[in-house]
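K.L.:
Enclosed is the structure file query.txt (compact mmCIF, C-alpha atoms and all ligand atoms).
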```txt
# COMPACT_ATOMS: atom_id res chain seq x y z
CA MET A 1103 -24.76 21.59 21.38
CA LYS A 1104 -23.01 18.28 21.84
CA ARG A 1105 -24.98 15.79 23.92
CA THR A 1106 -23.36 13.34 26.30
CA ARG A 1107 -24.95 9.93 26.78
CA HIS A 1108 -25.14 8.61 30.32
CA GLY A 1109 -26.00 5.17 31.58
CA SER A 1110 -23.44 2.73 30.16
CA GLY A 1111 -20.78 3.66 32.69
CA LYS A 1112 -18.28 3.80 29.83
CA GLY A 1113 -15.56 6.34 30.52
CA LEU A 1114 -16.54 6.68 34.18
CA PRO A 1115 -13.96 6.14 36.90
CA GLU A 1116 -14.21 2.64 38.39
CA TYR A 1117 -15.93 3.80 41.60
CA ARG A 1118 -18.73 5.55 39.67
CA LYS A 1119 -19.66 2.67 37.38
CA PRO A 1120 -23.13 1.27 38.14
CA ARG A 1121 -22.95 -2.24 39.55
CA ASN A 1122 -25.39 -5.07 38.88
CA PRO A 1123 -28.94 -4.12 39.74
CA GLY A 1124 -30.40 -6.05 42.62
CA GLU A 1125 -27.05 -7.14 44.05
CA ILE A 1126 -27.17 -8.97 47.39
CA TRP A 1127 -25.29 -7.18 50.14
CA ARG A 1128 -24.55 -8.42 53.66
CA GLY A 1129 -23.44 -6.21 56.52
CA THR A 1130 -24.26 -4.24 59.63
CA ILE A 1131 -26.63 -1.29 60.15
CA GLU A 1132 -24.51 1.55 61.55
CA ARG A 1133 -27.26 3.99 62.52
CA LEU A 1134 -30.71 5.24 61.59
CA ALA A 1135 -31.32 8.09 59.19
CA TRP A 1136 -34.32 10.43 59.01
CA GLY A 1137 -37.28 8.48 57.62
CA GLY A 1138 -36.37 5.28 59.45
CA LYS A 1139 -33.82 4.04 56.92
CA GLY A 1140 -30.78 2.12 58.13
CA LEU A 1141 -27.40 3.54 57.18
CA ALA A 1142 -24.61 1.13 56.33
CA ARG A 1143 -21.37 1.21 54.35
CA SER A 1144 -20.18 -0.98 51.50
CA GLU A 1145 -16.65 -2.42 51.53
CA ASP A 1146 -15.46 0.42 49.26
CA GLY A 1147 -16.86 3.04 51.68
CA ARG A 1148 -20.02 3.95 49.76
CA LEU A 1149 -23.10 4.78 51.79
CA LEU A 1150 -26.09 2.43 51.78
CA LEU A 1151 -29.65 3.40 52.69
CA LEU A 1152 -31.69 0.36 53.63
CA SER A 1153 -35.40 -0.01 54.30
CA ALA A 1154 -37.15 -2.71 56.28
CA PRO A 1155 -40.88 -2.99 56.75
CA MET A 1156 -41.11 -3.12 60.53
CA ALA A 1157 -38.06 -1.24 61.91
CA LEU A 1158 -34.28 -1.50 61.82
CA PHE A 1159 -31.96 -1.28 64.81
CA PRO A 1160 -28.36 -0.05 64.69
CA GLY A 1161 -26.02 -3.03 65.08
CA GLU A 1162 -28.29 -5.52 63.31
CA GLU A 1163 -26.70 -7.73 60.66
CA VAL A 1164 -28.77 -8.01 57.52
CA GLU A 1165 -28.93 -9.31 53.98
CA ALA A 1166 -30.35 -6.76 51.56
CA GLU A 1167 -31.05 -6.42 47.87
CA VAL A 1168 -29.26 -3.27 46.82
CA HIS A 1169 -29.44 -1.06 43.74
CA TRP A 1170 -26.34 1.02 43.23
CA LYS A 1171 -26.44 4.64 42.12
CA ALA A 1172 -23.34 6.62 41.19
CA ARG A 1173 -22.24 7.36 44.73
CA HIS A 1174 -24.48 5.34 47.04
CA GLY A 1175 -26.77 2.33 47.17
CA GLU A 1176 -30.40 1.88 48.18
CA GLY A 1177 -32.13 -1.33 49.01
CA ASN A 1178 -34.51 -3.45 51.00
CA VAL A 1179 -33.61 -5.81 53.81
CA LEU A 1180 -34.49 -9.39 52.87
CA ARG A 1181 -33.43 -11.19 56.05
CA TRP A 1182 -31.56 -10.74 59.31
CA SER A 1183 -28.52 -12.79 60.43
CA LYS A 1184 -28.43 -10.98 63.78
CA LYS A 1185 -31.47 -9.28 65.26
CA ASP A 1186 -31.55 -6.78 68.10
CA PRO A 1187 -32.88 -8.55 71.23
CA ARG A 1188 -35.35 -5.69 71.79
CA ARG A 1189 -37.22 -6.48 68.55
CA VAL A 1190 -40.73 -7.77 69.36
CA PRO A 1191 -43.37 -9.58 67.24
CA ALA A 1192 -45.59 -7.08 65.43
CA GLY A 1193 -49.01 -6.55 67.02
CA CYS A 1194 -50.69 -6.59 63.61
CA PRO A 1195 -50.90 -9.53 61.18
CA LEU A 1196 -50.59 -7.17 58.18
CA ALA A 1197 -47.60 -5.23 59.50
CA ALA A 1198 -45.18 -6.56 56.86
CA THR A 1199 -47.32 -5.66 53.85
CA CYS A 1200 -49.52 -2.72 54.81
CA GLY A 1201 -47.94 0.67 54.23
CA GLY A 1202 -49.62 2.36 57.22
CA CYS A 1203 -47.11 1.70 60.04
CA ASP A 1204 -43.38 1.04 59.80
CA LEU A 1205 -42.20 0.58 63.38
CA TRP A 1206 -44.31 -2.30 64.65
CA GLU A 1207 -41.35 -4.44 65.72
CA ALA A 1208 -39.55 -1.63 67.54
CA GLY A 1209 -41.52 -2.43 70.72
CA ALA A 1210 -40.41 -0.52 73.80
CA ALA A 1211 -37.36 0.80 71.92
CA VAL A 1212 -39.52 2.93 69.61
CA ALA A 1213 -38.73 6.18 71.44
CA GLU A 1214 -35.00 5.48 71.26
CA LEU A 1215 -35.17 4.70 67.51
CA LYS A 1216 -37.27 7.77 66.70
CA GLN A 1217 -34.97 9.98 68.75
CA SER A 1218 -31.91 8.65 66.98
CA MET A 1219 -33.37 9.27 63.50
CA THR A 1220 -34.50 12.75 64.54
CA ALA A 1221 -31.04 13.45 65.94
CA ASP A 1222 -29.54 12.51 62.57
CA LEU A 1223 -31.74 15.08 60.79
CA LEU A 1224 -31.28 17.87 63.33
CA HIS A 1225 -27.53 17.36 63.43
CA ARG A 1226 -27.31 17.85 59.66
CA GLN A 1227 -29.89 20.63 59.26
CA LEU A 1228 -29.83 22.84 62.36
CA PRO A 1229 -27.05 24.81 64.03
CA GLU A 1230 -24.69 23.00 66.38
CA GLY A 1231 -25.98 23.05 69.97
CA THR A 1232 -29.71 23.34 69.10
CA ASN A 1233 -31.61 22.75 72.31
CA TRP A 1234 -34.16 19.97 71.73
CA SER A 1235 -36.11 17.38 73.67
CA TYR A 1236 -38.38 14.48 72.78
CA LEU A 1237 -41.79 13.52 74.11
CA PRO A 1238 -42.72 9.84 73.52
CA ALA A 1239 -46.29 8.73 72.81
CA PRO A 1240 -48.33 6.95 75.47
CA ALA A 1241 -49.15 3.32 74.71
CA ASP A 1242 -52.88 4.05 74.34
CA ALA A 1243 -52.59 6.72 71.60
CA ARG A 1244 -54.73 5.61 68.65
CA ARG A 1245 -55.69 7.18 65.30
CA HIS A 1246 -59.07 8.87 65.16
CA ARG A 1247 -58.97 9.12 61.34
CA ILE A 1248 -58.03 6.42 58.84
CA GLN A 1249 -58.09 6.37 55.06
CA LEU A 1250 -59.16 3.21 53.28
CA HIS A 1251 -59.33 2.42 49.58
CA TRP A 1252 -62.03 0.44 47.80
CA ASP A 1253 -61.09 -0.90 44.36
CA GLY A 1254 -64.44 -2.51 43.49
CA THR A 1255 -63.45 -5.82 45.12
CA SER A 1256 -61.44 -5.15 48.27
CA LEU A 1257 -61.43 -2.53 51.00
CA GLY A 1258 -58.10 -1.84 52.68
CA TYR A 1259 -54.92 0.17 52.98
CA HIS A 1260 -52.34 0.67 50.28
CA ARG A 1261 -49.57 -1.90 50.20
CA ARG A 1262 -46.15 -0.49 51.11
CA SER A 1263 -44.77 1.61 48.21
CA SER A 1264 -47.64 0.63 45.93
CA HIS A 1265 -51.25 1.40 45.06
CA GLN A 1266 -52.31 -2.22 45.42
CA ILE A 1267 -54.79 -2.80 48.20
CA VAL A 1268 -54.12 -4.90 51.29
CA PRO A 1269 -57.60 -5.96 52.46
CA VAL A 1270 -58.17 -5.14 56.14
CA ASN A 1271 -60.81 -6.28 58.54
CA GLY A 1272 -59.67 -4.24 61.52
CA CYS A 1273 -56.76 -1.99 62.47
CA PRO A 1274 -54.97 -2.12 65.84
CA ALA A 1275 -53.43 1.32 65.23
CA ALA A 1276 -56.89 2.92 65.02
CA ALA A 1277 -59.39 3.71 67.78
CA ASP A 1278 -61.40 0.62 68.62
CA SER A 1279 -64.66 2.06 67.27
CA LEU A 1280 -63.01 2.76 63.88
CA SER A 1281 -61.42 -0.68 63.74
CA LYS A 1282 -64.82 -2.30 64.34
CA ALA A 1283 -66.42 -0.06 61.71
CA ILE A 1284 -64.18 -1.36 58.88
CA PRO A 1285 -66.09 -4.66 58.28
CA ARG A 1286 -69.38 -2.77 58.55
CA LEU A 1287 -68.25 -0.36 55.84
CA LEU A 1288 -67.25 -3.26 53.60
CA GLU A 1289 -70.55 -5.04 54.24
CA ALA A 1290 -72.54 -1.92 53.31
CA ILE A 1291 -70.54 -1.31 50.13
CA GLN A 1292 -70.91 -4.95 49.06
CA ALA A 1293 -74.66 -4.84 49.81
CA LYS A 1294 -74.88 -1.71 47.60
CA LEU A 1295 -76.12 0.35 50.54
CA LEU A 1296 -73.14 2.68 50.04
CA PRO A 1297 -71.61 3.81 46.73
CA GLN A 1298 -69.91 1.04 44.75
CA ARG A 1299 -67.47 3.00 42.65
CA PRO A 1300 -63.77 2.58 43.45
CA GLN A 1301 -62.65 5.42 45.71
CA ARG A 1302 -61.07 6.52 48.92
CA TRP A 1303 -63.06 6.29 52.16
CA GLU A 1304 -62.24 8.05 55.39
CA LEU A 1305 -63.46 6.76 58.74
CA ALA A 1306 -63.35 9.23 61.60
CA THR A 1307 -64.41 9.56 65.20
CA GLY A 1308 -64.32 12.39 67.76
CA THR A 1309 -63.12 12.67 71.37
CA PRO A 1310 -63.93 10.69 73.41
CA GLU A 1311 -64.26 8.19 70.58
CA GLY A 1312 -67.79 7.04 69.91
CA ARG A 1313 -69.67 8.43 66.92
CA VAL A 1314 -68.16 6.99 63.74
CA VAL A 1315 -68.62 8.60 60.36
CA ALA A 1316 -67.63 7.44 56.88
CA ILE A 1317 -66.72 10.11 54.37
CA ALA A 1318 -66.43 9.82 50.60
CA GLU A 1319 -65.70 12.51 48.02
CA ILE A 1320 -68.10 12.06 45.12
CA GLY A 1321 -67.46 14.49 42.31
CA GLU A 1322 -66.86 17.85 43.96
CA LYS A 1323 -68.98 16.97 46.99
CA ARG A 1324 -68.17 15.38 50.30
CA HIS A 1325 -70.76 12.84 51.47
CA ILE A 1326 -70.99 11.71 55.06
CA TRP A 1327 -72.68 8.71 56.67
CA LEU A 1328 -73.07 8.14 60.40
CA LEU A 1329 -72.79 4.59 61.74
CA GLU A 1330 -75.83 3.64 63.80
CA PRO A 1331 -76.65 0.21 65.30
CA ASP A 1332 -78.79 -0.61 62.22
CA GLY A 1333 -76.30 0.61 59.62
CA TRP A 1334 -75.03 3.76 57.88
CA HIS A 1335 -77.26 6.83 57.59
CA ARG A 1336 -76.67 9.98 55.54
CA ASP A 1337 -75.85 12.75 58.00
CA ASP A 1338 -73.92 15.93 57.25
CA SER A 1339 -72.35 15.43 60.56
CA GLU A 1340 -69.95 17.41 62.63
CA LEU A 1341 -67.60 15.82 65.16
CA SER A 1342 -66.85 17.12 68.62
CA GLU A 1343 -63.51 16.90 70.38
CA ALA A 1344 -63.96 17.25 74.15
CA PHE A 1345 -60.79 17.76 76.20
CA ASP A 1346 -60.29 18.65 79.87
CA ASP A 1347 -60.52 22.43 79.38
CA PHE A 1348 -62.46 22.94 76.17
CA THR A 1349 -64.49 21.35 73.39
CA LEU A 1350 -63.96 22.00 69.70
CA TRP A 1351 -66.28 21.14 66.83
CA HIS A 1352 -65.34 20.47 63.24
CA ARG A 1353 -66.87 19.15 60.08
CA ALA A 1354 -66.36 15.41 59.52
CA GLY A 1355 -63.68 14.96 56.88
CA GLY A 1356 -62.09 18.35 57.69
CA PHE A 1357 -58.64 18.57 59.25
CA PHE A 1358 -58.17 17.60 62.87
CA GLN A 1359 -55.21 16.05 64.70
CA VAL A 1360 -54.86 12.30 64.06
CA SER A 1361 -54.70 11.29 67.74
CA PRO A 1362 -56.57 14.21 69.32
CA PRO A 1363 -56.46 13.39 73.07
CA TRP A 1364 -52.71 12.77 72.97
CA ALA A 1365 -51.96 15.66 70.59
CA VAL A 1366 -53.81 18.15 72.81
CA LYS A 1367 -52.03 16.91 75.93
CA ALA A 1368 -48.64 17.06 74.19
CA PHE A 1369 -49.08 20.53 72.63
CA GLY A 1370 -50.58 21.78 75.90
CA SER A 1371 -47.59 20.66 77.94
CA VAL A 1372 -45.13 22.27 75.49
CA LEU A 1373 -46.94 25.63 75.37
CA GLU A 1374 -47.35 25.70 79.13
CA ASN A 1375 -43.59 25.48 79.61
CA TRP A 1376 -42.93 28.45 77.35
CA ASP A 1377 -43.69 31.91 78.69
CA LEU A 1378 -46.25 32.81 76.00
CA LYS A 1379 -48.62 35.67 76.74
CA GLY A 1380 -49.36 39.15 75.54
CA GLY A 1381 -51.35 41.19 73.03
CA THR A 1382 -52.41 39.40 69.86
CA LEU A 1383 -51.99 35.76 68.94
CA PHE A 1384 -51.72 35.31 65.15
CA ASP A 1385 -52.92 31.71 64.76
CA LEU A 1386 -51.92 31.05 61.14
CA TYR A 1387 -53.08 27.84 59.42
CA GLY A 1388 -55.42 27.82 62.41
CA GLY A 1389 -57.93 25.07 61.48
CA VAL A 1390 -60.88 25.14 63.86
CA GLY A 1391 -58.94 27.01 66.55
CA LEU A 1392 -56.98 24.36 68.43
CA PHE A 1393 -53.96 26.55 69.28
CA SER A 1394 -56.12 29.59 70.07
CA ALA A 1395 -58.10 27.42 72.49
CA LEU A 1396 -54.94 25.94 74.02
CA LEU A 1397 -53.42 29.37 74.66
CA GLY A 1398 -56.80 30.67 75.84
CA LYS A 1399 -56.80 33.89 77.82
CA ARG A 1400 -53.02 34.22 77.78
CA PHE A 1401 -53.54 36.59 74.84
CA GLN A 1402 -55.94 39.51 74.79
CA HIS A 1403 -56.95 39.00 71.18
CA ARG A 1404 -56.62 36.43 68.41
CA VAL A 1405 -56.40 36.60 64.62
CA LEU A 1406 -56.92 33.17 63.06
CA VAL A 1407 -56.19 32.64 59.34
CA GLU A 1408 -57.21 29.46 57.56
CA PHE A 1409 -58.27 28.81 53.97
CA ASP A 1410 -60.88 26.10 54.57
CA ILE A 1411 -64.10 28.15 54.84
CA ALA A 1412 -65.97 25.48 56.84
CA ALA A 1413 -63.08 25.27 59.34
CA VAL A 1414 -63.12 29.07 59.75
CA GLU A 1415 -66.85 29.00 60.50
CA TRP A 1416 -66.26 26.35 63.14
CA ALA A 1417 -63.29 28.31 64.54
CA LYS A 1418 -65.56 31.35 65.02
CA LYS A 1419 -68.18 29.29 66.84
CA ASN A 1420 -65.60 27.37 68.90
CA LEU A 1421 -63.76 30.48 70.07
CA ASP A 1422 -66.97 32.47 70.74
CA GLN A 1423 -68.20 29.63 72.90
CA LEU A 1424 -64.92 29.77 74.84
CA GLU A 1425 -65.31 33.55 75.23
CA LEU A 1426 -62.10 34.18 73.36
CA PRO A 1427 -62.70 37.24 71.15
CA SER A 1428 -61.12 36.46 67.79
CA GLN A 1429 -61.03 37.63 64.23
CA CYS A 1430 -61.29 34.50 62.07
CA ILE A 1431 -60.30 35.10 58.47
CA ALA A 1432 -60.85 32.74 55.53
CA ALA A 1433 -57.75 33.35 53.43
CA ASP A 1434 -54.60 31.86 52.03
CA VAL A 1435 -51.86 32.74 54.53
CA GLY A 1436 -49.48 33.46 51.64
CA LYS A 1437 -51.84 36.12 50.27
CA TRP A 1438 -52.99 37.49 53.63
CA LEU A 1439 -49.65 37.81 55.42
CA PRO A 1440 -48.55 41.46 55.46
CA GLU A 1441 -45.00 42.79 55.88
CA ASN A 1442 -44.17 43.98 59.45
CA LEU A 1443 -46.77 41.68 61.10
CA GLY A 1444 -47.59 42.36 64.77
CA GLY A 1445 -45.72 44.16 67.53
CA PRO A 1446 -43.30 43.21 70.33
CA GLU A 1447 -46.10 41.88 72.59
CA ASP A 1448 -47.57 39.55 69.96
CA LEU A 1449 -47.05 35.90 69.07
CA ILE A 1450 -47.06 34.49 65.54
CA LEU A 1451 -47.95 30.78 65.64
CA LEU A 1452 -47.73 28.87 62.37
CA ASP A 1453 -48.94 25.29 61.85
CA PRO A 1454 -48.66 24.79 58.07
CA PRO A 1455 -49.44 21.58 56.17
CA ARG A 1456 -46.80 18.86 55.78
CA SER A 1457 -44.97 20.70 52.99
CA GLY A 1458 -44.15 23.55 55.41
CA LEU A 1459 -44.09 27.28 54.71
CA GLU A 1460 -44.17 28.57 51.16
CA PRO A 1461 -40.92 30.43 50.38
CA GLU A 1462 -42.71 33.81 50.19
CA VAL A 1463 -44.31 33.27 53.61
CA ALA A 1464 -40.91 32.52 55.19
CA ALA A 1465 -39.46 35.59 53.41
CA ARG A 1466 -42.24 37.93 54.59
CA LEU A 1467 -41.87 36.76 58.18
CA LEU A 1468 -38.36 38.23 58.17
CA SER A 1469 -39.89 41.70 58.46
CA ALA A 1470 -42.42 40.79 61.20
CA LYS A 1471 -42.45 43.10 64.22
CA ALA A 1472 -43.63 40.43 66.66
CA GLU A 1473 -40.72 39.16 68.74
CA THR A 1474 -41.89 35.62 69.43
CA MET A 1475 -42.89 32.87 67.03
CA VAL A 1476 -43.95 29.25 67.39
CA LEU A 1477 -43.50 27.05 64.35
CA VAL A 1478 -45.21 23.65 64.23
CA GLY A 1479 -44.30 21.13 61.54
CA CYS A 1480 -45.27 17.52 60.91
CA ASP A 1481 -42.42 16.94 58.49
CA GLY A 1482 -39.05 17.34 60.20
CA ALA A 1483 -37.16 18.06 56.98
CA ALA A 1484 -39.58 20.83 55.90
CA PHE A 1485 -39.50 22.23 59.44
CA CYS A 1486 -35.66 22.45 59.42
CA ARG A 1487 -35.72 24.06 55.97
CA ASP A 1488 -38.15 26.74 57.25
CA ILE A 1489 -36.00 27.40 60.32
CA GLN A 1490 -33.00 27.87 57.99
CA ARG A 1491 -34.95 30.22 55.70
CA MET A 1492 -35.95 32.42 58.63
CA SER A 1493 -32.57 32.25 60.38
CA PRO A 1494 -31.41 35.72 59.21
CA CYS A 1495 -33.98 37.23 61.62
CA TRP A 1496 -35.34 34.43 63.81
CA LYS A 1497 -33.36 32.27 66.24
CA LEU A 1498 -34.61 28.84 67.28
CA MET A 1499 -34.49 28.88 71.10
CA GLU A 1500 -36.10 25.55 71.89
CA LEU A 1501 -37.45 22.60 69.99
CA VAL A 1502 -39.69 19.83 71.26
CA VAL A 1503 -40.17 16.77 69.08
CA LEU A 1504 -43.47 15.02 69.78
CA ASP A 1505 -44.32 11.48 68.81
CA LEU A 1506 -47.81 12.30 67.55
CA PHE A 1507 -47.70 9.46 65.01
CA PRO A 1508 -47.01 6.26 66.99
CA LEU A 1509 -45.87 3.16 65.06
CA THR A 1510 -44.56 5.31 62.20
CA HIS A 1511 -41.27 7.15 61.73
CA HIS A 1512 -43.13 10.52 61.59
CA VAL A 1513 -42.83 13.13 64.34
CA GLU A 1514 -44.20 16.61 65.02
CA CYS A 1515 -41.73 19.44 65.65
CA VAL A 1516 -42.69 22.45 67.77
CA GLY A 1517 -40.14 25.26 67.82
CA LEU A 1518 -39.96 28.45 69.87
CA LEU A 1519 -38.24 31.28 68.00
CA LYS A 1520 -37.20 34.76 69.06
CA ARG A 1521 -36.25 37.68 66.87
CA GLY A 1522 -32.56 38.23 66.83
C1 LIG B 1601 -51.55 21.05 59.99
S1 LIG B 1601 -53.12 21.74 59.84
C2 LIG B 1601 -53.23 22.66 61.34
C3 LIG B 1601 -54.59 23.07 61.79
C4 LIG B 1601 -54.69 23.56 63.24
N1 LIG B 1601 -53.60 24.40 63.63
C5 LIG B 1601 -54.82 22.39 64.20
O1 LIG B 1601 -53.84 22.00 64.84
O2 LIG B 1601 -55.91 21.82 64.29
C6 LIG B 1601 -52.90 22.93 58.61
C7 LIG B 1601 -54.13 23.76 58.32
O3 LIG B 1601 -53.76 24.75 57.37
C8 LIG B 1601 -54.77 24.89 56.40
N2 LIG B 1601 -54.04 25.41 55.22
C9 LIG B 1601 -53.22 24.74 54.36
N3 LIG B 1601 -52.65 25.58 53.49
C10 LIG B 1601 -53.11 26.83 53.79
C11 LIG B 1601 -52.87 28.13 53.25
N4 LIG B 1601 -52.05 28.29 52.22
N5 LIG B 1601 -53.49 29.18 53.81
C12 LIG B 1601 -54.34 29.01 54.86
N6 LIG B 1601 -54.60 27.79 55.41
C13 LIG B 1601 -54.00 26.73 54.89
C14 LIG B 1601 -55.38 23.52 56.26
O4 LIG B 1601 -56.72 23.62 55.81
C15 LIG B 1601 -55.28 23.01 57.70
O5 LIG B 1601 -56.45 23.33 58.43
```
Is it possible to express this structure as structure tokens?
P.N.:
Amino acid sequence: MKRTRHGSGKGLPEYRKPRNPGEIWRGTIERLAWGGKGLARSEDGRLLLLSAPMALFPGEEVEAEVHWKARHGEGNVLRWSKKDPRRVPAGCPLAATCGGCDLWEAGAAVAELKQSMTADLLHRQLPEGTNWSYLPAPADARRHRIQLHWDGTSLGYHRRSSHQIVPVNGCPAAADSLSKAIPRLLEAIQAKLLPQRPQRWELATGTPEGRVVAIAEIGEKRHIWLLEPDGWHRDDSELSEAFDDFTLWHRAGGFFQVSPPWAVKAFGSVLENWDLKGGTLFDLYGGVGLFSALLGKRFQHRVLVEFDIAAVEWAKKNLDQLELPSQCIAADVGKWLPENLGGPEDLILLDPPRSGLEPEVAARLLSAKAETMVLVGCDGAAFCRDIQRMSPCWKLMELVVLDLFPLTHHVECVGLLKRG
């Protein structure tokens, strides 16, 4: 077979030839794309996707370093010649370097920016006329879990688009108790009271925030230390999440919502507005039972499927304590999910990980006999793909986009689907 060499641009039409790498481009941001990138156009009409560390506003004039591909360019904003008047100083001294948050300077306009980037995605991926609304985050929503990295010298977050560490001494995006625990973790590692080897550390707290635990994976095992006034103590601790109507327990280091008080309020208000009740709730990717608890007695019975065995044990205890009879199954949803799941009175609720539904799960749901489904997704693009995959049999009736991840471009999508 004859091979064709690519790369020199020789023989390509003029518009497809690669330009100089790292070219400086000046122009105006037209609108925001999914992921928080600014969309602009070069003089010859090619699309440009531009990133900036702390938010971009449509209409801003910028200077960017751009790398050209065959049909479009990508680059980073270096400076602004005209800034949007709504831009505010970042509330964190590390905002420009740390990779944790990317909308610090959006200020009060954050909801507008996140809605406009979500609109861009939904417009391209979902049918015309999709009914959707947006719920902004309250100003006091803070992270109850943070992941830090220790490289043997520094403790901090990863630098934007890199594995280098930005040392941190506190974090205004995290709950106050976690922020204050960061220097205490560093102190204990440096004093050799905690393991020295380079690794990832998670700090977590419950609801209301208070008890702080540090979690490290060592070999195959998860080790947990509880922060007490006199330092860190080994404690195979669980965390409790107490909300207005129920309390849930989970193992420290296991999955729970990042901003639990706000997430529970937001999910609760969405589910309350939808007429969800009936026979069996299939709570798939159910964790420790958050959605089963939220829907409570609106269903006669619950089947929760989750592959983390510790989470399933907690789900059993949590739902028993709430007097919600449930079958909690430790299994991979992809292996467990039968054809023809449920009946007309039942609800299938799916809250998969960020990557969304595996193709065979989406395919098997086409034959389900339940008539109502709720799909939850923390990656908008994966969520839209799953809606498309199920569209031969399931119609998206309503979509609520929740800002569960303040200061970042991420959102949570919650969709109500009906068979049809
Ligand atoms: C986004 S979390 C949702 C958990 C729960 N619904 C909640 O809100 O607390 C996804 C959950 O799915 C579980 N999970 C991931 N892949 C799975 C699979 N293939 N089968 C079963 N559970 C899975 C994870 O352990 C995690 O608890």
K.L.:
Nearest to Ile1489 (chain A): which of A:Gln1227, A:Leu1329, A:Ser1263, A:Ala1365 is it, counting all atoms listed in the file?
P.N.:
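Checking each of A:Gln1227, A:Leu1329, A:Ser1263, A:Ala1365 against Ile1489 (chain A), counting all atoms listed in the file, the winner is A:Gln1227.
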K.L.:
Tell me, as a list of chain:residue names, which residues lie within 7 Å of region 1303-1319 of chain A, counting only C-alpha atoms; anything in the same chain fewer than 6 positions away does not count.
P.N.:
A:His1246, A:Arg1247, A:Ile1248, A:Gln1249, A:Leu1250, A:His1251, A:Ser1279, A:Leu1280, A:His1325, A:Ile1326, A:Trp1327, A:Leu1328, A:Leu1329, A:Leu1341, A:Ser1342, A:Glu1343, A:Ala1344, A:Gly1355, A:Pro1363
K.L.:
Within 9 Å of ligand LIG 1601 (chain B), which residues show up when you count only C-alpha atoms and all ligand atoms? List them as a ChimeraX atom specification, please.
P.N.:
/A:1356-1359,1365-1366,1385-1394,1407-1411,1413-1414,1432-1438,1451-1456,1458-1460,1478-1480
K.L.:
Could you check the closest approach to Thr1199 (chain A) for each of A:Lys1520, A:Lys1379, A:Arg1353, A:His1260 and tell me which residue wins, using all atoms listed in the file?
P.N.:
A:His1260
K.L.:
For each of A:Ala1283, A:Ala1368, A:Ala1135, A:Val1476, take the minimum atom-to-atom distance to Ala1221 (chain A), counting all atoms listed in the file, then give the residue where this is smallest.
P.N.:
A:Ala1135
K.L.:
Report the distance between CA of Glu1165 (chain A) and CA of Ile1267 (chain A) in Å, rounded to one decimal place.
P.N.:
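CA of Ile1267 (chain A) lies at a distance of 27.3 Å from CA of Glu1165 (chain A).
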K.L.:
To one decimal place in Å, what is the distance between CA of Leu1477 (chain A) and CA of Leu1373 (chain A)?
P.N.:
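Straight-line distance from CA of Leu1477 (chain A) to CA of Leu1373 (chain A) works out to 11.6 Å.
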K.L.:
What is the CA of Arg1226 (chain A)-CA of Glu1132 (chain A) distance in Å, reported with one decimal?
P.N.:
16.6 Å
K.L.:
Output region 1197-1207 of chain A as an mmCIF file, in the coordinates of the input, making sure N, CA and C atoms are there.
P.N.:
```cif
data_model
loop_
_atom_site.group_PDB
_atom_site.id
_atom_site.type_symbol
_atom_site.label_atom_id
_atom_site.label_comp_id
_atom_site.auth_asym_id
_atom_site.auth_seq_id
_atom_site.Cartn_x
_atom_site.Cartn_y
_atom_site.Cartn_z
ATOM 1 N N ALA A 1197 -48.669 -6.219 59.334
ATOM 2 C CA ALA A 1197 -47.600 -5.230 59.500
ATOM 3 C C ALA A 1197 -46.556 -5.276 58.374
ATOM 4 N N ALA A 1198 -46.267 -6.462 57.858
ATOM 5 C CA ALA A 1198 -45.180 -6.560 56.860
ATOM 6 C C ALA A 1198 -45.604 -6.035 55.500
ATOM 7 N N THR A 1199 -46.893 -6.049 55.196
ATOM 8 C CA THR A 1199 -47.320 -5.660 53.850
ATOM 9 C C THR A 1199 -47.985 -4.287 53.791
ATOM 10 N N CYS A 1200 -48.767 -3.976 54.826
ATOM 11 C CA CYS A 1200 -49.520 -2.720 54.810
ATOM 12 C C CYS A 1200 -48.565 -1.539 54.936
ATOM 13 N N GLY A 1201 -48.849 -0.480 54.217
ATOM 14 C CA GLY A 1201 -47.940 0.670 54.230
ATOM 15 C C GLY A 1201 -48.235 1.677 55.336
ATOM 16 N N GLY A 1202 -49.186 1.373 56.229
ATOM 17 C CA GLY A 1202 -49.620 2.360 57.220
ATOM 18 C C GLY A 1202 -48.623 2.607 58.351
ATOM 19 N N CYS A 1203 -47.998 1.559 58.878
ATOM 20 C CA CYS A 1203 -47.110 1.700 60.040
ATOM 21 C C CYS A 1203 -45.762 1.066 59.692
ATOM 22 N N ASP A 1204 -44.672 1.647 60.147
ATOM 23 C CA ASP A 1204 -43.380 1.040 59.800
ATOM 24 C C ASP A 1204 -42.478 0.781 61.004
ATOM 25 N N LEU A 1205 -43.053 0.840 62.212
ATOM 26 C CA LEU A 1205 -42.200 0.580 63.380
ATOM 27 C C LEU A 1205 -42.821 -0.444 64.333
ATOM 28 N N TRP A 1206 -43.622 -1.358 63.782
ATOM 29 C CA TRP A 1206 -44.310 -2.300 64.650
ATOM 30 C C TRP A 1206 -43.357 -3.115 65.516
ATOM 31 N N GLU A 1207 -42.217 -3.524 64.960
ATOM 32 C CA GLU A 1207 -41.350 -4.440 65.720
ATOM 33 C C GLU A 1207 -40.385 -3.710 66.647
#
```
